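Enquirer: See protein-v9.pdb below, with PDB, C-alpha atoms.
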```pdb
MODEL        1
ATOM      1  CA  MET R   1       1.010 -31.628  11.991
ATOM      2  CA  GLU R   2       1.541 -31.632  15.738
ATOM      3  CA  ILE R   3       4.566 -29.931  17.255
ATOM      4  CA  GLY R   4       5.424 -30.765  20.854
ATOM      5  CA  PRO R   5       8.281 -29.037  22.690
ATOM      6  CA  ASN R   6       9.780 -31.363  25.293
ATOM      7  CA  GLY R   7      12.409 -30.873  27.953
ATOM      8  CA  ARG R   8      10.702 -27.983  29.710
ATOM      9  CA  LYS R   9       8.326 -27.796  32.636
ATOM     10  CA  GLY R  10       4.849 -28.501  31.382
ATOM     11  CA  LYS R  11       3.779 -30.133  28.156
ATOM     12  CA  GLY R  12       3.306 -28.008  25.087
ATOM     13  CA  LEU R  13       1.405 -28.807  21.947
ATOM     14  CA  GLY R  14       1.006 -26.713  18.866
ATOM     15  CA  THR R  15       0.699 -26.946  15.114
ATOM     16  CA  GLY R  16       2.867 -26.278  12.079
ATOM     17  CA  PHE R  17       2.877 -26.826   8.338
ATOM     18  CA  ILE R  18       5.438 -27.989   5.776
ATOM     19  CA  ILE R  19       6.445 -25.434   3.129
ATOM     20  CA  ASP R  20       8.991 -27.390   1.059
ATOM     21  CA  LYS R  21      10.179 -30.925   0.315
ATOM     22  CA  ASP R  22      13.293 -30.383   2.448
ATOM     23  CA  GLY R  23      11.136 -30.577   5.561
ATOM     24  CA  THR R  24      10.988 -26.871   6.397
ATOM     25  CA  ILE R  25       8.117 -26.112   8.758
ATOM     26  CA  LEU R  26       6.524 -22.835   9.810
ATOM     27  CA  THR R  27       5.012 -22.438  13.265
ATOM     28  CA  ASN R  28       4.799 -19.917  16.119
ATOM     29  CA  ASN R  29       7.829 -19.038  18.197
ATOM     30  CA  HIS R  30       5.843 -19.416  21.419
ATOM     31  CA  VAL R  31       5.086 -23.043  20.491
ATOM     32  CA  ILE R  32       8.789 -23.989  20.650
ATOM     33  CA  ARG R  33       9.987 -21.362  23.125
ATOM     34  CA  GLY R  34      12.078 -22.880  25.917
ATOM     35  CA  ALA R  35      12.158 -26.333  24.299
ATOM     36  CA  GLU R  36      15.277 -28.486  24.543
ATOM     37  CA  THR R  37      13.971 -30.945  21.969
ATOM     38  CA  ILE R  38      11.089 -30.758  19.513
ATOM     39  CA  SER R  39       8.894 -33.664  18.463
ATOM     40  CA  VAL R  40       6.978 -33.407  15.188
ATOM     41  CA  ARG R  41       4.149 -35.747  14.211
ATOM     42  CA  THR R  42       2.956 -35.517  10.616
ATOM     43  CA  SER R  43      -0.584 -36.116   9.398
ATOM     44  CA  ASP R  44       0.364 -39.688   8.409
ATOM     45  CA  ASP R  45       1.396 -40.411  12.031
ATOM     46  CA  ARG R  46       5.153 -40.392  11.473
ATOM     47  CA  GLU R  47       7.266 -38.829  14.217
ATOM     48  CA  PHE R  48      10.487 -36.863  13.791
ATOM     49  CA  ASN R  49      12.840 -34.723  15.800
ATOM     50  CA  GLY R  50      12.749 -31.097  14.730
ATOM     51  CA  ASP R  51      15.704 -28.706  14.522
ATOM     52  CA  ILE R  52      15.239 -24.971  15.022
ATOM     53  CA  ILE R  53      16.386 -23.095  11.907
ATOM     54  CA  GLY R  54      15.270 -19.589  12.806
ATOM     55  CA  ARG R  55      12.956 -17.689  15.122
ATOM     56  CA  ASP R  56      11.671 -14.180  15.620
ATOM     57  CA  PRO R  57      10.022 -13.574  19.016
ATOM     58  CA  ARG R  58       8.818 -10.113  18.006
ATOM     59  CA  THR R  59       6.513 -11.456  15.296
ATOM     60  CA  ASP R  60       6.100 -14.896  16.922
ATOM     61  CA  ILE R  61       7.365 -16.739  13.835
ATOM     62  CA  ALA R  62       9.609 -19.811  13.970
ATOM     63  CA  VAL R  63      11.108 -22.106  11.351
ATOM     64  CA  ILE R  64      12.038 -25.703  12.130
ATOM     65  CA  ARG R  65      13.143 -28.577   9.919
ATOM     66  CA  ILE R  66      12.758 -32.345   9.950
ATOM     67  CA  LYS R  67      14.613 -35.008   7.981
ATOM     68  CA  ALA R  68      11.939 -36.919   6.142
ATOM     69  CA  LYS R  69      10.962 -38.216   2.720
ATOM     70  CA  GLY R  70       7.646 -38.150   0.914
ATOM     71  CA  LEU R  71       6.585 -34.797   2.295
ATOM     72  CA  LYS R  72       3.827 -32.769   0.661
ATOM     73  CA  PRO R  73       4.374 -29.027   1.120
ATOM     74  CA  ILE R  74       1.404 -26.726   1.348
ATOM     75  CA  PRO R  75       1.282 -23.795  -1.105
ATOM     76  CA  LEU R  76       1.756 -20.310   0.297
ATOM     77  CA  GLY R  77      -0.842 -17.805  -0.809
ATOM     78  CA  ASP R  78      -1.082 -14.030  -0.998
ATOM     79  CA  SER R  79      -2.666 -12.597   2.138
ATOM     80  CA  GLU R  80      -2.972  -9.207   0.440
ATOM     81  CA  LYS R  81      -5.640 -10.741  -1.809
ATOM     82  CA  ALA R  82      -7.690 -12.018   1.132
ATOM     83  CA  ASP R  83     -10.615  -9.648   1.575
ATOM     84  CA  VAL R  84     -12.889  -9.106   4.533
ATOM     85  CA  GLY R  85     -15.793 -11.521   4.104
ATOM     86  CA  ASP R  86     -13.734 -14.200   2.307
ATOM     87  CA  TRP R  87     -14.122 -17.744   3.590
ATOM     88  CA  VAL R  88     -11.094 -19.257   5.345
ATOM     89  CA  VAL R  89     -10.269 -22.576   7.005
ATOM     90  CA  ALA R  90      -8.129 -23.084  10.122
ATOM     91  CA  ILE R  91      -6.349 -26.401  10.727
ATOM     92  CA  GLY R  92      -4.770 -27.384  14.028
ATOM     93  CA  ASN R  93      -4.745 -29.541  17.124
ATOM     94  CA  PRO R  94      -7.017 -27.736  19.592
ATOM     95  CA  PHE R  95      -6.842 -29.301  23.059
ATOM     96  CA  GLY R  96      -4.856 -32.174  21.516
ATOM     97  CA  LEU R  97      -7.583 -33.096  19.003
ATOM     98  CA  SER R  98      -5.435 -33.832  15.962
ATOM     99  CA  HIS R  99      -6.143 -32.454  12.502
ATOM    100  CA  THR R 100      -9.188 -30.435  13.492
ATOM    101  CA  VAL R 101     -10.632 -28.228  10.749
ATOM    102  CA  SER R 102     -12.806 -25.179  11.382
ATOM    103  CA  ALA R 103     -14.237 -22.674   8.940
ATOM    104  CA  GLY R 104     -15.057 -18.993   9.110
ATOM    105  CA  ILE R 105     -14.494 -15.707   7.331
ATOM    106  CA  VAL R 106     -11.899 -12.965   7.320
ATOM    107  CA  SER R 107     -13.473 -10.610   9.859
ATOM    108  CA  GLY R 108     -10.863  -7.861   9.612
ATOM    109  CA  LYS R 109      -7.365  -7.010   8.418
ATOM    110  CA  GLY R 110      -4.515  -4.854   9.633
ATOM    111  CA  ARG R 111      -5.194  -5.466  13.319
ATOM    112  CA  SER R 112      -2.344  -4.280  15.544
ATOM    113  CA  ARG R 113      -1.573  -3.572  19.180
ATOM    114  CA  ASP R 114      -4.534  -1.199  19.375
ATOM    115  CA  ASP R 115      -6.872  -4.095  18.599
ATOM    116  CA  VAL R 116      -5.161  -7.120  20.161
ATOM    117  CA  PRO R 117      -5.014  -7.302  23.977
ATOM    118  CA  LEU R 118      -1.505  -7.603  25.443
ATOM    119  CA  ASP R 119       0.272  -7.456  22.079
ATOM    120  CA  PRO R 120       3.736  -6.533  23.396
ATOM    121  CA  SER R 121       5.410  -5.568  20.171
ATOM    122  CA  GLY R 122       3.334  -3.283  17.996
ATOM    123  CA  TYR R 123       4.663  -5.093  14.928
ATOM    124  CA  TYR R 124       1.683  -7.281  14.279
ATOM    125  CA  ASP R 125      -0.589  -6.767  11.309
ATOM    126  CA  PHE R 126      -3.070  -9.502  12.119
ATOM    127  CA  ILE R 127      -5.794 -11.044  10.029
ATOM    128  CA  GLN R 128      -8.869 -11.356  12.227
ATOM    129  CA  THR R 129     -11.092 -14.392  11.726
ATOM    130  CA  ASP R 130     -14.099 -15.983  13.355
ATOM    131  CA  ALA R 131     -12.864 -19.480  12.469
ATOM    132  CA  SER R 132     -12.550 -21.359  15.768
ATOM    133  CA  ILE R 133      -8.983 -21.037  17.126
ATOM    134  CA  ASN R 134      -8.247 -22.669  20.471
ATOM    135  CA  PRO R 135      -5.156 -23.713  22.473
ATOM    136  CA  GLY R 136      -3.203 -26.111  20.266
ATOM    137  CA  ASN R 137      -4.100 -24.295  17.029
ATOM    138  CA  SER R 138      -1.108 -21.970  17.359
ATOM    139  CA  GLY R 139       1.249 -22.253  14.406
ATOM    140  CA  GLY R 140      -1.315 -23.888  12.165
ATOM    141  CA  PRO R 141      -2.313 -22.641   8.710
ATOM    142  CA  LEU R 142      -5.194 -20.357   7.869
ATOM    143  CA  LEU R 143      -6.202 -21.354   4.333
ATOM    144  CA  ASN R 144      -8.205 -19.738   1.573
ATOM    145  CA  LEU R 145     -10.634 -21.842  -0.435
ATOM    146  CA  SER R 146      -7.894 -22.581  -2.983
ATOM    147  CA  GLY R 147      -5.979 -24.444  -0.280
ATOM    148  CA  GLU R 148      -3.272 -21.770   0.009
ATOM    149  CA  VAL R 149      -1.919 -20.526   3.329
ATOM    150  CA  VAL R 150      -2.817 -16.884   3.918
ATOM    151  CA  GLY R 151      -1.846 -16.746   7.590
ATOM    152  CA  ILE R 152      -0.379 -18.489  10.627
ATOM    153  CA  ASN R 153      -2.931 -18.894  13.420
ATOM    154  CA  THR R 154      -1.429 -17.340  16.508
ATOM    155  CA  ALA R 155      -3.634 -15.577  18.996
ATOM    156  CA  ILE R 156      -6.951 -15.886  20.756
ATOM    157  CA  ARG R 157      -8.786 -12.967  22.308
ATOM    158  CA  GLY R 158      -9.802 -13.645  25.880
ATOM    159  CA  GLY R 159      -9.018 -17.376  25.891
ATOM    160  CA  GLY R 160     -10.582 -18.641  22.688
ATOM    161  CA  ALA R 161     -13.894 -19.952  21.386
ATOM    162  CA  GLN R 162     -15.379 -16.442  21.252
ATOM    163  CA  GLY R 163     -15.398 -15.968  17.511
ATOM    164  CA  ILE R 164     -12.339 -13.714  17.500
ATOM    165  CA  GLY R 165      -9.003 -15.212  16.451
ATOM    166  CA  PHE R 166      -5.916 -13.772  14.813
ATOM    167  CA  ALA R 167      -3.403 -14.934  12.235
ATOM    168  CA  ILE R 168      -0.061 -13.535  11.063
ATOM    169  CA  PRO R 169      -0.483 -12.709   7.349
ATOM    170  CA  MET R 170       1.714 -14.564   4.868
ATOM    171  CA  ALA R 171       2.821 -11.268   3.328
ATOM    172  CA  MET R 172       4.601 -10.553   6.619
ATOM    173  CA  VAL R 173       5.996 -14.090   6.893
ATOM    174  CA  LYS R 174       7.384 -14.006   3.352
ATOM    175  CA  GLN R 175       9.283 -10.804   4.114
ATOM    176  CA  LEU R 176      11.034 -12.355   7.108
ATOM    177  CA  LEU R 177      11.458 -15.947   5.902
ATOM    178  CA  PRO R 178      14.651 -15.401   3.829
ATOM    179  CA  MET R 179      16.416 -13.852   6.849
ATOM    180  CA  LEU R 180      15.243 -16.623   9.154
ATOM    181  CA  LEU R 181      16.463 -19.303   6.760
ATOM    182  CA  ARG R 182      19.780 -17.562   6.121
ATOM    183  CA  ASP R 183      20.679 -16.074   9.500
ATOM    184  CA  GLY R 184      18.400 -17.771  12.002
ATOM    185  CA  HIS R 185      17.106 -14.406  13.207
ATOM    186  CA  VAL R 186      15.753 -11.105  11.915
ATOM    187  CA  THR R 187      17.907  -7.977  11.740
ATOM    188  CA  ARG R 188      15.670  -4.922  11.656
ATOM    189  CA  SER R 189      16.327  -1.552  10.128
ATOM    190  CA  ALA R 190      15.232   1.711  11.704
ATOM    191  CA  LEU R 191      14.674   5.408  11.104
ATOM    192  CA  GLY R 192      15.566   6.351  14.674
ATOM    193  CA  ILE R 193      12.396   8.249  15.575
ATOM    194  CA  GLN R 194       9.479   8.112  17.968
ATOM    195  CA  ILE R 195       6.121   8.548  16.266
ATOM    196  CA  LYS R 196       2.430   8.902  17.004
ATOM    197  CA  ASP R 197      -0.714   8.358  14.957
ATOM    198  CA  VAL R 198      -1.962  11.616  13.507
ATOM    199  CA  ARG R 199      -5.534  10.487  14.105
ATOM    200  CA  GLU R 200      -4.854  10.385  17.864
ATOM    201  CA  LEU R 201      -3.876  14.059  18.061
ATOM    202  CA  PRO R 202      -6.269  16.567  19.639
ATOM    203  CA  ASP R 203      -7.780  19.111  17.273
ATOM    204  CA  GLU R 204      -5.844  22.048  18.715
ATOM    205  CA  ARG R 205      -2.492  20.350  18.155
ATOM    206  CA  ARG R 206      -3.447  19.359  14.635
ATOM    207  CA  ALA R 207      -4.378  22.953  13.916
ATOM    208  CA  ARG R 208      -1.102  24.228  15.373
ATOM    209  CA  LEU R 209       0.904  21.810  13.214
ATOM    210  CA  ARG R 210      -1.323  22.545  10.194
ATOM    211  CA  ILE R 211      -2.280  18.877   9.785
ATOM    212  CA  GLY R 212      -5.433  18.503   7.735
ATOM    213  CA  ASP R 213      -5.518  14.735   7.163
ATOM    214  CA  ASP R 214      -6.237  11.754   9.420
ATOM    215  CA  HIS R 215      -3.418   9.682   7.920
ATOM    216  CA  GLY R 216       0.276   9.686   8.653
ATOM    217  CA  ALA R 217       2.708   9.374  11.552
ATOM    218  CA  LEU R 218       3.789  12.428  13.517
ATOM    219  CA  VAL R 219       7.489  12.570  14.415
ATOM    220  CA  GLU R 220       7.747  13.383  18.130
ATOM    221  CA  PHE R 221      11.442  12.655  18.721
ATOM    222  CA  VAL R 222      14.518  12.171  16.522
ATOM    223  CA  ALA R 223      17.429  10.256  18.029
ATOM    224  CA  PRO R 224      20.753  12.103  17.673
ATOM    225  CA  GLY R 225      22.981  10.553  15.031
ATOM    226  CA  SER R 226      20.157   8.372  13.697
ATOM    227  CA  ALA R 227      19.181   7.861  10.069
ATOM    228  CA  ALA R 228      16.358  10.357  10.502
ATOM    229  CA  ALA R 229      18.675  12.951  12.056
ATOM    230  CA  LYS R 230      21.113  12.639   9.152
ATOM    231  CA  ALA R 231      18.191  13.210   6.768
ATOM    232  CA  LYS R 232      17.236  16.332   8.787
ATOM    233  CA  LEU R 233      13.855  15.038   9.919
ATOM    234  CA  GLU R 234      12.593  16.909  12.971
ATOM    235  CA  PRO R 235       9.765  16.807  15.509
ATOM    236  CA  GLY R 236       6.551  18.090  13.967
ATOM    237  CA  ASP R 237       7.170  16.388  10.627
ATOM    238  CA  VAL R 238       4.388  14.085   9.468
ATOM    239  CA  ILE R 239       5.428  11.059   7.417
ATOM    240  CA  VAL R 240       2.588  10.320   5.006
ATOM    241  CA  ALA R 241       4.257   7.766   2.704
ATOM    242  CA  PHE R 242       7.174   5.308   2.776
ATOM    243  CA  GLU R 243       8.548   4.268  -0.615
ATOM    244  CA  GLY R 244       5.240   5.231  -2.202
ATOM    245  CA  GLN R 245       3.129   3.306   0.330
ATOM    246  CA  ALA R 246       0.637   5.435   2.210
ATOM    247  CA  ILE R 247       0.965   5.482   6.000
ATOM    248  CA  ASP R 248      -2.463   5.010   7.541
ATOM    249  CA  LYS R 249      -1.134   4.514  11.080
ATOM    250  CA  ALA R 250       2.142   4.627  12.991
ATOM    251  CA  THR R 251       2.486   0.837  13.281
ATOM    252  CA  ARG R 252       2.425   0.600   9.484
ATOM    253  CA  LEU R 253       5.465   2.898   9.293
ATOM    254  CA  GLN R 254       7.195   0.894  12.039
ATOM    255  CA  TRP R 255       6.757  -2.305  10.070
ATOM    256  CA  LEU R 256       7.866  -0.872   6.720
ATOM    257  CA  ALA R 257      10.933   0.803   8.206
ATOM    258  CA  SER R 258      11.960  -2.276  10.198
ATOM    259  CA  THR R 259      11.817  -4.689   7.258
ATOM    260  CA  ALA R 260      13.202  -2.525   4.442
ATOM    261  CA  GLY R 261      16.802  -3.453   5.245
ATOM    262  CA  VAL R 262      19.779  -1.931   7.028
ATOM    263  CA  GLY R 263      21.687   0.423   4.726
ATOM    264  CA  LYS R 264      18.849   0.784   2.242
ATOM    265  CA  THR R 265      18.024   4.293   1.042
ATOM    266  CA  VAL R 266      14.284   4.949   1.035
ATOM    267  CA  VAL R 267      12.116   7.873   0.034
ATOM    268  CA  LEU R 268       9.743   9.360   2.590
ATOM    269  CA  LYS R 269       6.966  11.778   1.755
ATOM    270  CA  VAL R 270       7.013  14.276   4.599
ATOM    271  CA  SER R 271       4.578  17.053   5.445
ATOM    272  CA  HIS R 272       5.719  19.985   7.570
ATOM    273  CA  SER R 273       3.458  22.943   8.322
ATOM    274  CA  GLY R 274       1.288  21.907   5.402
ATOM    275  CA  GLU R 275       4.118  21.696   2.867
ATOM    276  CA  VAL R 276       4.926  18.266   1.425
ATOM    277  CA  ALA R 277       8.369  17.186   0.201
ATOM    278  CA  ASP R 278      10.317  13.982  -0.467
ATOM    279  CA  ARG R 279      13.214  13.052   1.814
ATOM    280  CA  LYS R 280      15.805  10.345   1.165
ATOM    281  CA  VAL R 281      16.847   8.392   4.255
ATOM    282  CA  THR R 282      19.488   5.654   4.554
ATOM    283  CA  LEU R 283      18.190   3.292   7.209
ATOM    284  CA  GLY R 284      20.242   2.288  10.227
ATOM    285  CA  GLU R 285      19.995  -0.825  12.393
ATOM    286  CA  LEU R 286      17.399  -1.160  15.125
ATOM    287  CA  ASP R 287      19.046  -1.665  18.502
ATOM    288  CA  GLU R 288      16.848  -4.261  20.166
ATOM    289  CA  PRO R 289      17.376  -5.485  23.734
ATOM    290  CA  LYS R 290      18.455  -9.108  23.791
ATOM    291  CA  GLY R 291      15.708 -11.515  24.727
ATOM    292  CA  ARG R 292      12.859  -9.161  23.863
ATOM    293  CA  GLY R 293       9.658 -11.167  23.695
ATOM    294  CA  GLU R 294      11.285 -14.193  25.320
ATOM    295  CA  ALA R 295       9.176 -14.402  28.430
ATOM    296  CA  PRO R 296       9.453 -17.703  30.313
ATOM    297  CA  ALA R 297       7.520 -20.437  28.541
ATOM    298  CA  LYS R 298       4.453 -21.804  30.228
ATOM    299  CA  GLY R 299       2.253 -24.553  28.859
ATOM    300  CA  GLY R 300       2.164 -24.109  25.127
ATOM    301  CA  GLY R 301       0.233 -23.844  21.956
ATOM    302  CA  GLY R 302      -2.301 -21.259  23.027
ATOM    303  CA  SER R 303      -1.479 -17.578  22.618
ATOM    304  CA  PRO R 304       1.761 -15.629  22.977
ATOM    305  CA  PHE R 305      -0.167 -13.046  24.987
ATOM    306  CA  ASP R 306      -1.979 -15.253  27.503
ATOM    307  CA  ASP R 307      -0.550 -15.844  30.983
ATOM    308  CA  ASP R 308      -2.657 -18.942  31.547
ATOM    309  CA  ASP R 309      -1.183 -22.421  31.155
ATOM    310  CA  HIS R 310      -2.709 -24.556  28.437
TER     311      HIS R 310
ENDMDL
END
```
Can you turn what I pasted into C-alpha cells?
Expert:
Amino acid sequence: MEIGPNGRKGKGLGTGFIIDKDGTILTNNHVIRGAETISVRTSDDREFNGDIIGRDPRTDIAVIRIKAKGLKPIPLGDSEKADVGDWVVAIGNPFGLSHTVSAGIVSGKGRSRDDVPLDPSGYYDFIQTDASINPGNSGGPLLNLSGEVVGINTAIRGGGAQGIGFAIPMAMVKQLLPMLLRDGHVTRSALGIQIKDVRELPDERRARLRIGDDHGALVEFVAPGSAAAKAKLEPGDVIVAFEGQAIDKATRLQWLASTAGVGKTVVLKVSHSGEVADRKVTLGELDEPKGRGEAPAKGGGGSPFDDDDH
C-alpha cells in the first residue's frame, strides 16, 4: 500500500502493510514524520485517512490505522529464522511505481551503526539485503518465500540501487509493537552505564584487564544512583551475557537492556579480572531527550539517514 503524508512542505510517499483486520498498519516513522494528515491507498485502489497510533523515532517504526472493511492482513514471520543466503522479496512503491516487487537474498544480519552510514541511534539490528530498495520502498515488507514479513524495509546505503539495502527485523518490531499499540510510544529501560566493545580494545588494555575473549561489553562508566551502581557494577567489568543471551557487541547489550522493561530484575554474567560471576540488576528508566531522532522532515519515503530530498 502507498502511504502519503500531506500537510508538510514537499510531497512524501512511502509504503506500509496491514497486520490485522482492524486496519493496523506498520511503516517507517520517517515516512509519516511531520505529517498533518496521512493518506493511505490500498492495493485495490481504495483511499483512506490514516491515524497515527504509535511511533518510535529511535527505531524508525510507526503504527497507523485506517477504518476499512475487507482487509487482508499479511502474516508476520520470524526474522530469527531468516539465514544469510535465504531468498527474500521486497514490496514497495519506488519512485511512485506502485506495488513494485523485487527479489534478492539476505546478505547479512545484525548490522548496526558500525555498518550503516549515518545511523544516529545505535539501536538498529538491520537485516542486509541485495533486493532492490529505492526511495518510496521505505516502510514496505521484506518477505520470506512463505509470504511472511521478516523485516520492514527502511534504509538505503548511498542513495539506493547499489545492491545494499536494510530492513528492521520483525523480532525487533514484535518487541516494541505492544508498547506502541498501548501507549503510543516506547519507554526504554536502562542499566545506567557507558560501554565499549571488547573487540575494539587495544591488546595492552585487554591484557591489563585480563580479558581473554573477543566478546562482551566493557563497562567504562557507571552513572551514580543508576541500576548498575545499585548492583555494584564498576568500570573494568565486562558484561558477557544478559539473561543468558551472549553479548557479541555493545549494541546488542544496549538493545537487550533497553527493551527488557523498567523495573525488571535481570541477571548479568560479569567478568572482572578474569573471574566470572552473576549479578542481579533491577533496570531503571532511560532518560531520553525529547524529540530525539525527530529531525525536520524533508521529502519522504527514502531513508531516515539521507539528507537528500526524494
Enquirer: Which is closer to R:Gly92 than all the others in R:Pro73, R:Gly110, R:Gly14, R:Gly104, using all atoms listed in the file?
Expert: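 So, comparing all the options, the nearest one is R:Gly14.
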Enquirer: Measure the distance from atom CA of R:Asn28 to atom CA of R:Ile195 in Å and round it to one decimal.
Expert: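 Here the two named atoms are 28.5 Å from each other.
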Enquirer: Which distance in Å separates atom CA of R:Glu243 and atom CA of R:Asp214, to one decimal?
Expert: 19.4 Å
Enquirer: Can you list, as a PyMOL selection string, every protein, DNA or RNA residue that comes within 7 Å of R:Arg279 when you count only C-alpha atoms, leaving out same-chain residues fewer than 4 positions away?
Expert: chain R and resi 267-270
Enquirer: Write the residues of the preceding selection, restricted to C-alpha atoms, as an mmCIF file, keeping the file's coordinate frame.
Expert:
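Here's the written file selection.cif:
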```cif
data_model
loop_
_atom_site.group_PDB
_atom_site.id
_atom_site.type_symbol
_atom_site.label_atom_id
_atom_site.label_comp_id
_atom_site.auth_asym_id
_atom_site.auth_seq_id
_atom_site.Cartn_x
_atom_site.Cartn_y
_atom_site.Cartn_z
ATOM 1 C CA VAL R 267 12.116 7.873 0.034
ATOM 2 C CA LEU R 268 9.743 9.360 2.590
ATOM 3 C CA LYS R 269 6.966 11.778 1.755
ATOM 4 C CA VAL R 270 7.013 14.276 4.599
#
```
Enquirer: Residues picked by the PyMOL selection byres ((chain R and resi 167) around 12) here, as a PyMOL selection string?
Expert: chain R and resi 27-28+59-61+79+88-91+106-112+116+124-133+137-143+149-157+164-166+168-173+303-304
Enquirer: Measure the distance from atom CA of R:Gly216 to atom CA of R:Glu234 in Å and round it to one decimal.
Expert: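 Atom CA of R:Glu234 lies 14.9 Å from atom CA of R:Gly216.
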Enquirer: Any chance you could work out the residue set of the PyMOL selection byres ((chain R and resi 251-259) around 6) here, as a ChimeraX atom specification?
Expert: /R:123,188-190,249-250,260-261
Enquirer: Need the shell around R:Pro178: protein/DNA/RNA residues with any atom at most 12 Å away, counting all atoms listed in the file. Skip same-chain ones fewer than 4 positions apart. Format as a tab-separated table (two decimals) with C-alpha atoms, keeping the file's coordinate frame?
Expert:
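Result went into out_9.tsv, see below:
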```tsv
chain	number	residue	atom	x	y	z
R	53	ILE	CA	16.39	-23.10	11.91
R	54	GLY	CA	15.27	-19.59	12.81
R	55	ARG	CA	12.96	-17.69	15.12
R	63	VAL	CA	11.11	-22.11	11.35
R	172	MET	CA	4.60	-10.55	6.62
R	173	VAL	CA	6.00	-14.09	6.89
R	174	LYS	CA	7.38	-14.01	3.35
R	182	ARG	CA	19.78	-17.56	6.12
R	183	ASP	CA	20.68	-16.07	9.50
R	184	GLY	CA	18.40	-17.77	12.00
R	185	HIS	CA	17.11	-14.41	13.21
R	186	VAL	CA	15.75	-11.10	11.92
R	187	THR	CA	17.91	-7.98	11.74
R	259	THR	CA	11.82	-4.69	7.26
```
Enquirer: Compile the contact shell of R:Gly23 as a ChimeraX atom specification: residues with an atom at most 8 Å away, counting all atoms listed in the file, same-chain residues fewer than 6 positions apart removed.
Expert: /R:65-68,71
Enquirer: Kindly export the residues of the current selection with C-alpha atoms, as a PDB file, keeping the file's coordinate frame.
Expert:
```
ATOM      1  CA  ARG R  65      13.143 -28.577   9.919  1.00  0.00           C
ATOM      2  CA  ILE R  66      12.758 -32.345   9.950  1.00  0.00           C
ATOM      3  CA  LYS R  67      14.613 -35.008   7.981  1.00  0.00           C
ATOM      4  CA  ALA R  68      11.939 -36.919   6.142  1.00  0.00           C
ATOM      5  CA  LEU R  71       6.585 -34.797   2.295  1.00  0.00           C
TER       6      LEU R  71
END
```
Enquirer: As an MDAnalysis selection string, please: the residues near R:Leu218 (cut-off 9 Å, only C-alpha atoms, same-chain neighbours under 2 positions excluded).
Expert: chainID R and resid 194:198 216 220 235:240 250
Enquirer: To box stretch 144-155 of chain R, take all atoms listed in the file, fit an axis-aligned box, add 8 Å on each side, and give centre and edge lengths in Å to one decimal, as JSON.
Expert:
```
{"center_x": -5.5, "center_y": -20.0, "center_z": 8.0, "size_x": 26.3, "size_y": 24.9, "size_z": 38.0}
```
Enquirer: Counting all atoms listed in the file, which of R:Gly163, R:Gly16, R:Gly244, R:Gly284 gets nearest to R:Gly136?
Expert: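 When distances to R:Gly136 are compared using all atoms listed in the file, the smallest one comes from R:Gly16.
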Enquirer: Which residues, named as in the file, does the PyMOL selection byres ((chain R and resi 72) around 9) pick out? Answer as a ChimeraX atom specification.
Expert: /R:18-21,70-71,73-74
Enquirer: Could you check the closest approach to R:Arg41 for each of R:Leu76, R:Ile3, R:Ala227, R:Leu13 and tell me which residue wins, using all atoms listed in the file?
Expert: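 Checking each candidate against R:Arg41, we get R:Ile3 as the closest.
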Enquirer: Measuring between all atoms listed in the file, which one of R:His272, R:Lys280, R:Arg58, R:His215 shows the shortest distance to R:Asn29?
Expert: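 Among the listed residues, R:Arg58 lies closest to R:Asn29.
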Enquirer: Please identify all polymer residues within 9 Å of R:Thr282, counting only C-alpha atoms, omitting same-chain residues fewer than 3 positions from it, and present them as a list in words.
Expert: Leu191, Ala227, Ala228, Lys230, Ala231, Val262, Gly263, Lys264, Thr265, Val266 and Val267 of chain R
